[in-house]
Amino acid sequence: MATVIPVRPRTIQGVACPVPLPTHDRVQLGHGSGGKMSALLLKERFLPRFGNRYLDALGDGALVPVEGGEVVLSTDTFVVSPLEFPGGNIGHLAVHGTVNDLAMMGAAPRYLSAGFVLEEGLPFEVLDRILDAMAGAAAACGVEVVTGDTKVVDRGKADGLFVNTTGVGFLHDGFRPSPSRARPGDAVLVSGPLARHGMAVMAVREGLEFDADIESDTASLVPLVDALRVAVGDAVHVLRDATRGGLASAINEIAGASRVGVELSGALPVPSAVEAACEMLGLDPLYVANEGVLVAFVAPEAEDAALAALRSHAVGASAMRVGRVVEDHPGMVVLRTGLGGTRVVDMLPGDQLPRIC
Amino acid sequence: MKYLSEYRDPALARTLVDRILRTSTKRWTLMEVCGGQTHTIVKQGIHEVLADAVEMIHGPGCPVCVTPLEQIDRALHLAARPDVIFTSFGDMLRVPGSECDLFQVKARGGNVRIVYSPLDAVELARRHPDREVVFFAVGFETTAPANAMAVWRARELGVDNFSVLVSHVTVPPAMVAILEDPGNRVQGFLAAGHVCTVMGWEEYDPLAERYAVPIVVTGFEPLDILEGIWMAVVQLEEGRHEVENQYVRSVRREGNRPAQELVSRVFHVVDRGWRGIGTIPASGLGLRPEFAAFDAERKFDLHHIRAEEPAECRAGDVLRGHIKPFECPAFGGACTPESPLGAPMVSTEGACAAYHNFGRFQAAAAGGA
């Protein structure tokens, strides 16, 4: 598509006229003014993508119907540099992240709010791609963006764009996965290959670029949770998406919340390109972020049916059992190495750091 | 994955474990010199499965662990300067100085950046001619060639806003210091494969001879480590003390001559302090006088910054194998991975942190708490 560059009208003296230009190619402070530019931003970019009967009412809040029973609320704020990376962009994350959090509670995601902090100077073509991704992801997940907000901050005060999404989901009867419900004997399942998101972003991060055939795994986990619920129901004790901090952190949190030990064993599902990148940078894939991988703790008798359910969907095609809940060492996660040795898989104190040696 | 999975095969590894257990008639005490080897040993639980045959002492070959407190404090001082962009390998950022670490300096507004190559720091200096870019040049002989290359390049390109804060150390003098120590318990060494890729192993021959210890140049994958241990155990059982090379796919006897040449053009041998151990004569590298313009200590007049290591931290005794980490009075109390006093508690592979985690596991497994 050709970009039309507005030509500033000139006076006889050649001085530019100070009237604001009608079209722009990037976000300006005026877009956050609450005036005509703000209205235009909403009308041209947000409403066409997210429009629905609740949002289009343009009230100060969304009035939405709820089904009987309980609702789950979840909120998450998304910051990522760069905004776009192999396999997706911050828009995918903003929808999948909150939708997946609802799904991990066992809820069917239904409504989203979206709050944007836009940095002055953000090119509209980038914003448009991100909004397209959000709209597409929301539609695919069966959720509607029913209310939202935009603010614009001075250049240099945000990293292009920050976005917060809050989601509402409805709980199903008799399905209550919770981090505190892990029991000795439970099988620990993961739904797919590990560490792809973190390494995909790292490969394109400024100053650390390297060539790698790795794409982010950003994906909705709703179909996997639906499949698990239908197949084994409440034998699903715990669900957790292994995002920031990776699989190791997710499992540690569960071990702590349920006061049980977890023993990991066997090979972990790490794609070879990811493994190579991790080796090169001195990072451990167990601690690298995922955006489309869930961990499920299921009762031992439901293990086979649960694995089959996960594998019935593309996102879960390579699902496998990686460990089991044990009575020993409550609150701790250990890995049985191929040699038969023991490695304690602890939480990291902070971000994982590349090692020198 | 090619060149990795072959060296991680569990069945082959168990064969080597059995072979080591069968070969040793007593429990030998070996030291792996390099932090990368410690990483594999801890990660794979090699020390645990071999406990009946060998005791592995984690040696002083982790640059994060041995960089002296004084140099960390100098780094913190530089990183806090508004005119400086301070660049470093990632895992140095969490090493505690006297009062804080580089992460905390960054949070207070210091411009601290992780780089993977010192050449990236030179490039950063080219892009920011109005700032002073300092690279924290730490490490053993392995990182010395790349760091030397950065200084060389900076001079070649006339990048005079680039400098290095040098804290380079070398392996053989540290091994001598361990062997000369009256309390020494080390009976054999796994020498660091990557150090030897650069330096070769000629300089280890006199050590093996003089101190009658087997030295096996060893790689970093599980099968490398196990084969290296096995070769050392066989020597000990047969009463031999030679330098042998397990890491044949990477190390040649003479090492990498061009790399050695570059290092000796840029650096010369100096006395160097080791955290927890103290100064070891002729154990480090410093910039040669002709590269003084790139010496951050001189450029920013850092010599007045001095630091005393905390008396209650016995990292030096741990690194020399005198005590196990849990025998240190500060272990688990004043010193934990979240709030480390000494460097071996910093990295998850540091000897103290590794024992801290594993000890918690054993206590939990035994007591059910």
# chains A, B, ... in the order shown; residues from 1 in each chain; ligands from 1
>>> closest_atom_pairs(of="chain B", to="chain A", cutoff="9 Å", atoms="only C-alpha atoms", output="CSV")
residue,atom,partner,partner_atom,distance
B:Met1,CA,A:Ser272,CA,5.9
B:Leu4,CA,A:Ala276,CA,8.7
B:Arg8,CA,A:Gly338,CA,8.4
B:Asp9,CA,A:Gly338,CA,8.0
B:Pro10,CA,A:Gly338,CA,5.0
B:Ala11,CA,A:Leu339,CA,8.1
B:Ala13,CA,A:Leu339,CA,6.5
B:Arg14,CA,A:Leu339,CA,5.9
B:Val17,CA,A:Leu339,CA,8.2
B:Cys34,CA,A:Cys357,CA,7.8
B:Gly35,CA,A:Cys357,CA,6.2
B:Gly36,CA,A:Cys357,CA,5.0
B:Gln37,CA,A:Cys357,CA,8.7
B:His39,CA,A:Cys357,CA,8.9
B:Val42,CA,A:Arg343,CA,6.8
B:Lys43,CA,A:Arg343,CA,5.7
B:Gln44,CA,A:Thr337,CA,5.4
B:Gly45,CA,A:Gly341,CA,4.0
B:Ile46,CA,A:Gly341,CA,6.2
B:His47,CA,A:Gly341,CA,8.1
B:Glu48,CA,A:Gly341,CA,5.9
B:Val49,CA,A:Gly341,CA,5.7
B:Gly61,CA,A:Cys357,CA,8.9
B:Cys62,CA,A:Cys357,CA,7.0
B:Pro63,CA,A:Ile356,CA,7.7
B:Val64,CA,A:Ile356,CA,8.0
B:Phe89,CA,A:Ile356,CA,6.3
B:Gly90,CA,A:Pro354,CA,5.0
B:Asp91,CA,A:Leu353,CA,5.3
B:Met92,CA,A:Ile356,CA,8.5
B:Leu93,CA,A:Leu353,CA,8.4
B:Arg94,CA,A:Leu353,CA,8.8
B:Ile114,CA,A:Gly207,CA,8.7
B:Val115,CA,A:Leu208,CA,7.2
B:Tyr116,CA,A:Leu208,CA,7.2
B:Asp120,CA,A:Gly207,CA,7.7
B:Gly139,CA,A:Ile356,CA,7.7
B:Thr142,CA,A:Cys357,CA,8.7
B:Thr143,CA,A:Ile356,CA,8.5
B:Pro337,CA,A:Pro349,CA,7.4
B:Glu338,CA,A:Pro349,CA,6.1
B:Ser347,CA,A:Arg355,CA,8.9
B:Thr348,CA,A:Leu348,CA,8.2
B:Ala354,CA,A:Val344,CA,8.5
B:Asn357,CA,A:Val344,CA,6.3
B:Phe358,CA,A:Val344,CA,6.2
B:Arg360,CA,A:His329,CA,8.7
B:Phe361,CA,A:His329,CA,6.2
B:Gln362,CA,A:His329,CA,7.9
B:Ala363,CA,A:His329,CA,7.9
B:Ala364,CA,A:His329,CA,4.4
B:Ala365,CA,A:His329,CA,4.5
B:Ala366,CA,A:His329,CA,8.0
B:Gly367,CA,A:His329,CA,8.2
B:Gly368,CA,A:His329,CA,5.9
B:Ala369,CA,A:Pro330,CA,6.3
>>> select_by_dssp(residues="stretch 30-208 of chain A", states="strand (DSSP E or B)", output="number ranges by chain")
A: 71-78, 84-85, 88-89, 107-119, 123, 144-153, 161-171, 187-190
>>> write_last_selection(atoms="N, CA and C atoms", output="compact mmCIF listing (two decimals), in the first residue's frame")
# COMPACT_ATOMS: atom_id res chain seq x y z
N VAL A 71 -17.47 -16.45 38.08
CA VAL A 71 -16.60 -15.94 37.01
C VAL A 71 -15.17 -15.88 37.53
N VAL A 72 -14.24 -15.96 36.61
CA VAL A 72 -12.82 -15.80 36.93
C VAL A 72 -12.34 -14.53 36.27
N LEU A 73 -11.59 -13.72 37.04
CA LEU A 73 -10.99 -12.50 36.51
C LEU A 73 -9.48 -12.68 36.49
N SER A 74 -8.83 -12.21 35.45
CA SER A 74 -7.37 -12.28 35.42
C SER A 74 -6.83 -11.09 34.67
N THR A 75 -5.71 -10.55 35.13
CA THR A 75 -5.12 -9.41 34.42
C THR A 75 -3.64 -9.63 34.21
N ASP A 76 -3.13 -9.09 33.13
CA ASP A 76 -1.72 -9.25 32.82
C ASP A 76 -1.26 -8.05 32.00
N THR A 77 -0.05 -7.63 32.21
CA THR A 77 0.48 -6.50 31.47
C THR A 77 1.66 -6.96 30.64
N PHE A 78 1.74 -6.48 29.42
CA PHE A 78 2.69 -7.04 28.47
C PHE A 78 3.72 -6.00 28.05
N GLU A 84 7.90 -6.91 17.87
CA GLU A 84 7.61 -7.98 16.91
C GLU A 84 8.79 -8.94 16.88
N PHE A 85 8.50 -10.22 16.82
CA PHE A 85 9.56 -11.24 16.90
C PHE A 85 9.12 -12.42 16.04
N GLY A 88 5.36 -14.06 16.08
CA GLY A 88 4.27 -13.27 16.65
C GLY A 88 4.67 -11.86 17.02
N ASN A 89 3.79 -11.19 17.74
CA ASN A 89 4.10 -9.87 18.27
C ASN A 89 3.38 -9.68 19.60
N ALA A 107 -11.45 -21.91 33.44
CA ALA A 107 -12.57 -21.09 32.95
C ALA A 107 -12.59 -21.04 31.43
N ALA A 108 -13.79 -20.79 30.90
CA ALA A 108 -13.93 -20.53 29.46
C ALA A 108 -13.84 -19.01 29.28
N PRO A 109 -12.76 -18.51 28.64
CA PRO A 109 -12.59 -17.06 28.50
C PRO A 109 -13.71 -16.46 27.66
N ARG A 110 -14.18 -15.27 28.05
CA ARG A 110 -15.31 -14.68 27.33
C ARG A 110 -15.07 -13.22 26.95
N TYR A 111 -14.65 -12.38 27.90
CA TYR A 111 -14.49 -10.95 27.62
C TYR A 111 -13.07 -10.49 27.96
N LEU A 112 -12.63 -9.49 27.23
CA LEU A 112 -11.33 -8.87 27.52
C LEU A 112 -11.47 -7.36 27.58
N SER A 113 -10.70 -6.74 28.46
CA SER A 113 -10.46 -5.30 28.34
C SER A 113 -9.03 -5.14 27.85
N ALA A 114 -8.76 -4.01 27.20
CA ALA A 114 -7.40 -3.78 26.71
C ALA A 114 -7.01 -2.33 26.97
N GLY A 115 -5.94 -2.14 27.72
CA GLY A 115 -5.45 -0.79 28.00
C GLY A 115 -4.08 -0.61 27.37
N PHE A 116 -3.93 0.44 26.58
CA PHE A 116 -2.68 0.64 25.84
C PHE A 116 -1.94 1.89 26.34
N VAL A 117 -0.65 1.76 26.52
CA VAL A 117 0.21 2.93 26.69
C VAL A 117 1.05 3.02 25.42
N LEU A 118 0.79 4.03 24.62
CA LEU A 118 1.48 4.18 23.33
C LEU A 118 2.56 5.23 23.47
N GLU A 119 3.72 4.96 22.88
CA GLU A 119 4.81 5.93 22.91
C GLU A 119 4.71 6.85 21.70
N PRO A 123 5.18 4.06 14.90
CA PRO A 123 4.60 4.07 13.54
C PRO A 123 3.25 3.36 13.53
N GLU A 144 -14.26 -11.50 23.28
CA GLU A 144 -14.52 -10.19 22.70
C GLU A 144 -13.84 -9.12 23.54
N VAL A 145 -13.24 -8.14 22.87
CA VAL A 145 -12.68 -7.00 23.57
C VAL A 145 -13.84 -6.03 23.78
N VAL A 146 -14.27 -5.87 25.02
CA VAL A 146 -15.51 -5.13 25.26
C VAL A 146 -15.27 -3.73 25.81
N THR A 147 -14.07 -3.45 26.28
CA THR A 147 -13.76 -2.11 26.75
C THR A 147 -12.26 -1.90 26.65
N GLY A 148 -11.86 -0.64 26.59
CA GLY A 148 -10.43 -0.40 26.43
C GLY A 148 -10.06 1.03 26.72
N ASP A 149 -8.78 1.31 26.59
CA ASP A 149 -8.29 2.65 26.89
C ASP A 149 -6.97 2.84 26.16
N THR A 150 -6.71 4.07 25.75
CA THR A 150 -5.38 4.37 25.20
C THR A 150 -4.84 5.61 25.89
N LYS A 151 -3.55 5.59 26.15
CA LYS A 151 -2.84 6.77 26.62
C LYS A 151 -1.61 6.92 25.75
N VAL A 152 -1.17 8.15 25.57
CA VAL A 152 0.07 8.39 24.82
C VAL A 152 1.06 9.07 25.76
N VAL A 153 2.30 8.56 25.78
CA VAL A 153 3.33 9.18 26.62
C VAL A 153 4.45 9.72 25.72
N LEU A 161 5.22 0.42 22.95
CA LEU A 161 3.83 0.15 23.33
C LEU A 161 3.81 -0.82 24.50
N PHE A 162 3.05 -0.48 25.51
CA PHE A 162 2.75 -1.43 26.59
C PHE A 162 1.26 -1.72 26.50
N VAL A 163 0.86 -2.92 26.87
CA VAL A 163 -0.57 -3.20 26.84
C VAL A 163 -0.95 -4.07 28.03
N ASN A 164 -2.07 -3.72 28.63
CA ASN A 164 -2.64 -4.54 29.70
C ASN A 164 -3.94 -5.13 29.20
N THR A 165 -4.16 -6.41 29.47
CA THR A 165 -5.47 -6.98 29.19
C THR A 165 -6.00 -7.62 30.46
N THR A 166 -7.29 -7.44 30.68
CA THR A 166 -7.97 -8.10 31.79
C THR A 166 -9.05 -8.97 31.17
N GLY A 167 -9.18 -10.17 31.67
CA GLY A 167 -10.14 -11.10 31.08
C GLY A 167 -11.17 -11.59 32.08
N VAL A 168 -12.32 -11.91 31.56
CA VAL A 168 -13.38 -12.53 32.36
C VAL A 168 -13.70 -13.88 31.71
N GLY A 169 -13.77 -14.92 32.54
CA GLY A 169 -14.14 -16.23 32.02
C GLY A 169 -15.15 -16.89 32.93
N PHE A 170 -15.89 -17.82 32.39
CA PHE A 170 -16.92 -18.52 33.17
C PHE A 170 -16.44 -19.92 33.52
N LEU A 171 -16.67 -20.29 34.75
CA LEU A 171 -16.24 -21.61 35.20
C LEU A 171 -17.25 -22.68 34.81
N ALA A 187 0.65 -37.48 37.61
CA ALA A 187 1.57 -37.38 36.48
C ALA A 187 1.73 -35.91 36.11
N VAL A 188 2.97 -35.51 35.80
CA VAL A 188 3.24 -34.13 35.38
C VAL A 188 3.43 -34.13 33.86
N LEU A 189 2.49 -33.49 33.17
CA LEU A 189 2.52 -33.50 31.70
C LEU A 189 2.87 -32.11 31.18
N VAL A 190 3.61 -32.04 30.08
CA VAL A 190 3.76 -30.76 29.39
C VAL A 190 3.18 -30.92 27.99
>>> atom_distance(atom1="atom CA of B:Val112", atom2="atom CA of B:Phe86")
4.8 Å
>>> closest_residue(among="B:Gln246, B:Asn147, B:Thr38, B:Thr29", to="B:Ala51", atoms="only C-alpha atoms")
B:Thr29
>>> select_by_dssp(residues="stretch 81-171 of chain A", states="alpha helix (DSSP H)", output="PyMOL selection string")
chain A and resi 90-104+124-141
>>> residues_around(residues="B:Ser163", least_positions_apart="4", cutoff="10 Å", atoms="only C-alpha atoms", output="list in words")
Phe86, Ala121, Val122, Ala125, Glu132, Val133, Val134, Phe135, Phe136, Ala137, Ala150, Val151, Ala154, Val159, Phe291, Ala292, Ala293, Phe294, Asp295, Ala296, Glu297, Arg298, Lys299 and Phe300 of chain B
>>> atom_distance(atom1="atom CA of B:Cys313", atom2="atom CA of B:Gly342")
6.1 Å
>>> atom_distance(atom1="atom CA of B:Glu156", atom2="atom CA of B:Pro258")
17.7 Å
